[in-house]
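Text of model_9.txt (compact mmCIF, C-alpha atoms) as supplied:
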# COMPACT_ATOMS: atom_id res chain seq x y z
CA MET A 698 -25.45 -137.77 -73.56
CA ALA A 699 -28.91 -136.84 -74.91
CA ILE A 700 -30.95 -134.20 -73.12
CA SER A 701 -34.51 -134.98 -72.05
CA ARG A 702 -37.49 -132.72 -72.74
CA GLU A 703 -37.66 -131.91 -69.01
CA ASP A 704 -33.97 -130.98 -68.79
CA ALA A 705 -34.19 -128.93 -71.99
CA GLY A 706 -37.18 -127.10 -70.53
CA LEU A 707 -35.21 -126.24 -67.40
CA LEU A 708 -32.18 -125.18 -69.45
CA GLY A 709 -34.36 -122.88 -71.56
CA ALA A 710 -35.99 -121.41 -68.45
CA ARG A 711 -32.52 -120.69 -67.01
CA ILE A 712 -31.46 -118.92 -70.21
CA TYR A 713 -34.67 -116.88 -70.26
CA ALA A 714 -34.26 -115.98 -66.58
CA LEU A 715 -30.78 -114.61 -67.29
CA VAL A 716 -32.02 -112.60 -70.28
CA ARG A 717 -34.79 -111.17 -68.11
CA ALA A 718 -32.11 -110.15 -65.58
CA CYS A 719 -30.25 -108.14 -68.25
CA PRO A 720 -30.98 -104.51 -67.33
CA PRO A 721 -32.55 -102.04 -69.78
CA GLY A 722 -29.84 -100.13 -71.60
CA ARG A 723 -27.53 -103.13 -71.65
CA ALA A 724 -26.99 -106.01 -74.08
CA THR A 725 -25.62 -109.48 -73.52
CA SER A 726 -24.26 -112.07 -75.92
CA TYR A 727 -25.22 -115.61 -76.73
CA GLY A 728 -21.79 -116.76 -75.56
CA ALA A 729 -21.97 -114.90 -72.24
CA LEU A 730 -25.33 -116.53 -71.54
CA GLY A 731 -23.98 -119.95 -72.46
CA ALA A 732 -20.97 -119.54 -70.20
CA ALA A 733 -23.17 -118.38 -67.31
CA ILE A 734 -25.18 -121.62 -67.45
CA GLY A 735 -22.07 -123.80 -67.66
CA HIS A 736 -21.71 -124.12 -71.44
CA PRO A 737 -18.81 -121.85 -72.45
CA ARG A 738 -19.06 -123.03 -76.06
CA GLY A 739 -22.84 -122.86 -76.10
CA ALA A 740 -23.52 -119.65 -78.05
CA ARG A 741 -25.24 -121.47 -80.91
CA MET A 742 -27.30 -123.51 -78.48
CA VAL A 743 -28.43 -120.32 -76.71
CA GLY A 744 -29.46 -118.98 -80.13
CA TRP A 745 -31.66 -122.02 -80.67
CA PHE A 746 -33.39 -121.38 -77.36
CA MET A 747 -33.80 -117.67 -78.12
CA ASN A 748 -35.41 -118.63 -81.44
CA ALA A 749 -37.94 -120.72 -79.48
CA THR A 750 -38.76 -118.06 -76.87
CA PRO A 751 -42.49 -118.06 -76.08
CA ASP A 752 -44.04 -114.57 -76.09
CA ARG A 753 -45.86 -115.31 -72.84
CA LEU A 754 -42.56 -115.35 -70.90
CA GLN A 755 -41.90 -111.68 -71.72
CA VAL A 756 -38.19 -112.19 -72.34
CA PRO A 757 -36.44 -109.02 -73.59
CA ALA A 758 -34.78 -111.00 -76.38
CA HIS A 759 -33.77 -107.81 -78.20
CA ARG A 760 -31.00 -107.46 -75.58
CA VAL A 761 -29.21 -110.58 -76.88
CA VAL A 762 -26.67 -109.87 -79.62
CA SER A 763 -23.52 -111.43 -81.05
CA LYS A 764 -20.34 -111.01 -79.00
CA ASP A 765 -19.15 -108.16 -81.24
CA GLY A 766 -22.46 -106.32 -80.85
CA THR A 767 -23.92 -107.37 -84.20
CA LEU A 768 -27.70 -107.58 -84.23
CA SER A 769 -28.26 -111.19 -85.12
CA GLY A 770 -31.83 -111.92 -84.11
CA GLY A 771 -33.58 -109.05 -85.84
CA TRP A 772 -35.87 -111.25 -87.90
CA ALA A 773 -37.67 -112.18 -84.68
CA PHE A 774 -38.60 -108.53 -84.15
CA GLY A 775 -39.71 -107.68 -87.67
CA GLY A 776 -36.22 -106.81 -88.88
CA LYS A 777 -32.94 -105.56 -87.47
CA GLU A 778 -34.25 -102.00 -87.63
CA ARG A 779 -36.93 -102.89 -85.08
CA MET A 780 -34.39 -104.61 -82.81
CA ARG A 781 -32.15 -101.57 -83.04
CA ALA A 782 -35.08 -99.25 -82.27
CA LEU A 783 -35.91 -101.27 -79.15
CA LEU A 784 -32.31 -101.04 -77.94
CA GLU A 785 -31.98 -97.34 -78.79
CA ALA A 786 -35.19 -96.64 -76.86
CA GLU A 787 -33.37 -98.06 -73.83
CA GLY A 788 -30.35 -95.81 -74.43
CA VAL A 789 -28.05 -98.32 -76.13
CA ALA A 790 -25.48 -96.70 -78.45
CA PHE A 791 -24.27 -98.15 -81.74
CA ASP A 792 -20.98 -97.76 -83.59
CA ALA A 793 -20.54 -96.69 -87.21
CA GLN A 794 -20.95 -100.34 -88.36
CA GLY A 795 -24.35 -100.58 -86.66
CA ARG A 796 -23.13 -102.75 -83.79
CA VAL A 797 -23.96 -102.30 -80.12
CA ASN A 798 -21.12 -100.57 -78.28
CA MET A 799 -20.41 -103.56 -76.03
CA ARG A 800 -17.75 -101.69 -74.03
CA ALA A 801 -20.37 -99.22 -72.88
CA HIS A 802 -23.47 -101.41 -72.88
CA GLY A 803 -22.28 -105.01 -72.61
CA TRP A 804 -23.64 -107.11 -69.76
CA ASP A 805 -22.10 -110.43 -68.80
CA PRO A 806 -24.13 -112.41 -66.26
CA GLY A 807 -21.02 -114.39 -65.34
CA ALA A 808 -19.10 -111.24 -64.40
CA ASP A 809 -21.77 -108.64 -63.65
CA LEU A 810 -23.80 -110.73 -61.24
CA SER A 811 -22.34 -111.98 -57.99
CA ASP A 812 -22.44 -115.72 -57.47
CA ASP A 813 -25.37 -115.25 -55.07
CA GLU A 814 -27.27 -113.00 -57.50
CA ARG A 815 -26.72 -115.42 -60.38
CA ALA A 816 -27.83 -118.37 -58.22
CA ARG A 817 -30.98 -116.45 -57.22
CA VAL A 818 -31.79 -115.67 -60.88
CA LEU A 819 -31.19 -119.26 -61.96
CA ASP A 820 -33.18 -120.65 -59.04
CA GLY A 821 -36.07 -118.39 -60.09
CA ALA A 822 -36.11 -120.05 -63.51
CA ALA A 823 -38.66 -122.55 -62.19
CA SER A 824 -41.26 -119.79 -62.49
CA LEU A 825 -40.70 -119.73 -66.27
CA PRO A 826 -42.13 -123.05 -67.44
CA PHE A 827 -40.91 -123.86 -70.92
CA ASP A 828 -41.93 -126.85 -73.01
CA PRO A 829 -39.30 -127.13 -75.74
CA PRO A 830 -40.61 -127.72 -79.25
CA VAL A 831 -39.68 -130.91 -81.06
CA ASP A 832 -37.39 -129.10 -83.53
CA LEU A 833 -35.38 -127.63 -80.63
CA LEU A 834 -35.01 -131.05 -79.02
CA ARG A 835 -33.87 -132.42 -82.37
CA LEU A 836 -31.15 -129.74 -82.59
CA LEU A 837 -30.06 -130.30 -79.00
CA ASN A 838 -29.74 -134.04 -79.47
CA ARG A 839 -28.46 -134.26 -83.04
CA ASP A 840 -26.68 -131.10 -84.18
CA PRO A 841 -22.87 -131.42 -84.15
CA ALA A 842 -22.63 -128.03 -82.35
CA SER A 843 -24.75 -129.22 -79.43
CA PRO A 844 -23.09 -130.18 -76.14
CA PHE A 845 -25.82 -132.81 -75.76
CA ARG A 846 -25.40 -134.48 -79.12
CA ASP A 847 -25.58 -138.22 -79.07
CA PRO A 848 -22.48 -139.35 -81.01
CA GLU A 849 -24.59 -142.18 -82.50
CA ALA A 850 -27.34 -139.84 -83.75
CA ARG A 851 -27.53 -138.67 -87.33
CA PRO A 852 -27.53 -134.89 -87.87
I need this file expressed as structure tokens, please.
Amino acid sequence: MAISREDAGLLGARIYALVRACPPGRATSYGALGAAIGHPRGARMVGWFMNATPDRLQVPAHRVVSKDGTLSGGWAFGGKERMRALLEAEGVAFDAQGRVNMRAHGWDPGADLSDDERARVLDGAASLPFDPPVDLLRLLNRDPASPFRDPEARP
């Protein structure tokens, strides 16, 4: 069940809309985002989309961390120190291991938004046009971790 460029663009826009809905001072996880768009095992896929985030969409990508609060996307911000600084500037606290305190600052769009709020955010994704790059489409259609992988495709 391969995903088309158009459908991948809409999926990315929906992910970005949810990240934009994450309030300052909170952090969400790749898995929570995946579950909120109907892919409960889609954390890796969400990471691929976050890696392809266009600057022009102004997505606060620094608010997306691993489920245990580990800063995983720091290279996109010039290092994990920069990602941490952005979160701390919003009031996010870290534990002794340098992880976001997810109990205090975690945000789950599937639980923290009502069904109506989540639908409104996802419906607004159309205002975030996203043209997925070829390498993202390749991952979506060929990587064994992708929910869209064509079983006949080579990795």
One decimal, in Å: what's the spacing between atom CA of A:Glu703 and atom CA of A:Asp840?
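If I compute the distance from atom CA of A:Glu703 to atom CA of A:Asp840, I get 18.7 Å.
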One number please: atom CA of A:Phe791 to atom CA of A:Pro721, in Å, one decimal.
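Between atom CA of A:Phe791 and atom CA of A:Pro721 the gap is 15.1 Å.
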Leaving out A:Trp745 and any residue of its chain fewer than 2 positions from it, which residues lie within 10 Å of it when counting only C-alpha atoms, given as a VMD selection string?
chain A and resid 709 727 739 to 743 747 to 750 832 to 834 836 to 837
Any idea what's packed within 7 Å of A:Val818, counting all atoms listed in the file, ignoring anything in its chain fewer than 4 positions away? Could you give it as a ChimeraX atom specification?
/A:714-715,814,822
Taking (-32.8, -107.7, -72.4) in the file's coordinates as the center, which residues reach within 8 Å of it, counting only C-alpha atoms, put as a short mmCIF file (atom, residue, chain, number, x, y, z; two decimals) with C-alpha atoms, in the coordinates of the input?
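Saved as part37.cif:
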data_model
loop_
_atom_site.label_atom_id
_atom_site.label_comp_id
_atom_site.auth_asym_id
_atom_site.auth_seq_id
_atom_site.Cartn_x
_atom_site.Cartn_y
_atom_site.Cartn_z
CA VAL A 716 -32.02 -112.60 -70.28
CA ARG A 717 -34.79 -111.17 -68.11
CA ALA A 718 -32.11 -110.15 -65.58
CA CYS A 719 -30.25 -108.14 -68.25
CA PRO A 720 -30.98 -104.51 -67.33
CA PRO A 721 -32.55 -102.04 -69.78
CA ARG A 723 -27.53 -103.13 -71.65
CA ALA A 724 -26.99 -106.01 -74.08
CA THR A 725 -25.62 -109.48 -73.52
CA VAL A 756 -38.19 -112.19 -72.34
CA PRO A 757 -36.44 -109.02 -73.59
CA ALA A 758 -34.78 -111.00 -76.38
CA HIS A 759 -33.77 -107.81 -78.20
CA ARG A 760 -31.00 -107.46 -75.58
CA VAL A 761 -29.21 -110.58 -76.88
#
Can you list, as a PDB file with C-alpha atoms, in the coordinates of the input, every protein, DNA or RNA residue that comes within 12 Å of A:Ser701 when you count all atoms listed in the file, leaving out same-chain residues fewer than 5 positions away?
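Saved result, selection02.pdb, follows:
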ATOM      1  CA  GLY A 706     -37.180-127.100 -70.530  1.00  0.00           C
ATOM      2  CA  LEU A 707     -35.210-126.240 -67.400  1.00  0.00           C
ATOM      3  CA  LEU A 708     -32.180-125.180 -69.450  1.00  0.00           C
ATOM      4  CA  ASP A 828     -41.930-126.850 -73.010  1.00  0.00           C
ATOM      5  CA  PRO A 829     -39.300-127.130 -75.740  1.00  0.00           C
ATOM      6  CA  PRO A 830     -40.610-127.720 -79.250  1.00  0.00           C
ATOM      7  CA  VAL A 831     -39.680-130.910 -81.060  1.00  0.00           C
ATOM      8  CA  LEU A 833     -35.380-127.630 -80.630  1.00  0.00           C
ATOM      9  CA  LEU A 834     -35.010-131.050 -79.020  1.00  0.00           C
ATOM     10  CA  ARG A 835     -33.870-132.420 -82.370  1.00  0.00           C
ATOM     11  CA  LEU A 837     -30.060-130.300 -79.000  1.00  0.00           C
ATOM     12  CA  ASN A 838     -29.740-134.040 -79.470  1.00  0.00           C
ATOM     13  CA  PHE A 845     -25.820-132.810 -75.760  1.00  0.00           C
ATOM     14  CA  ARG A 846     -25.400-134.480 -79.120  1.00  0.00           C
ATOM     15  CA  ASP A 847     -25.580-138.220 -79.070  1.00  0.00           C
TER      16      ASP A 847
END
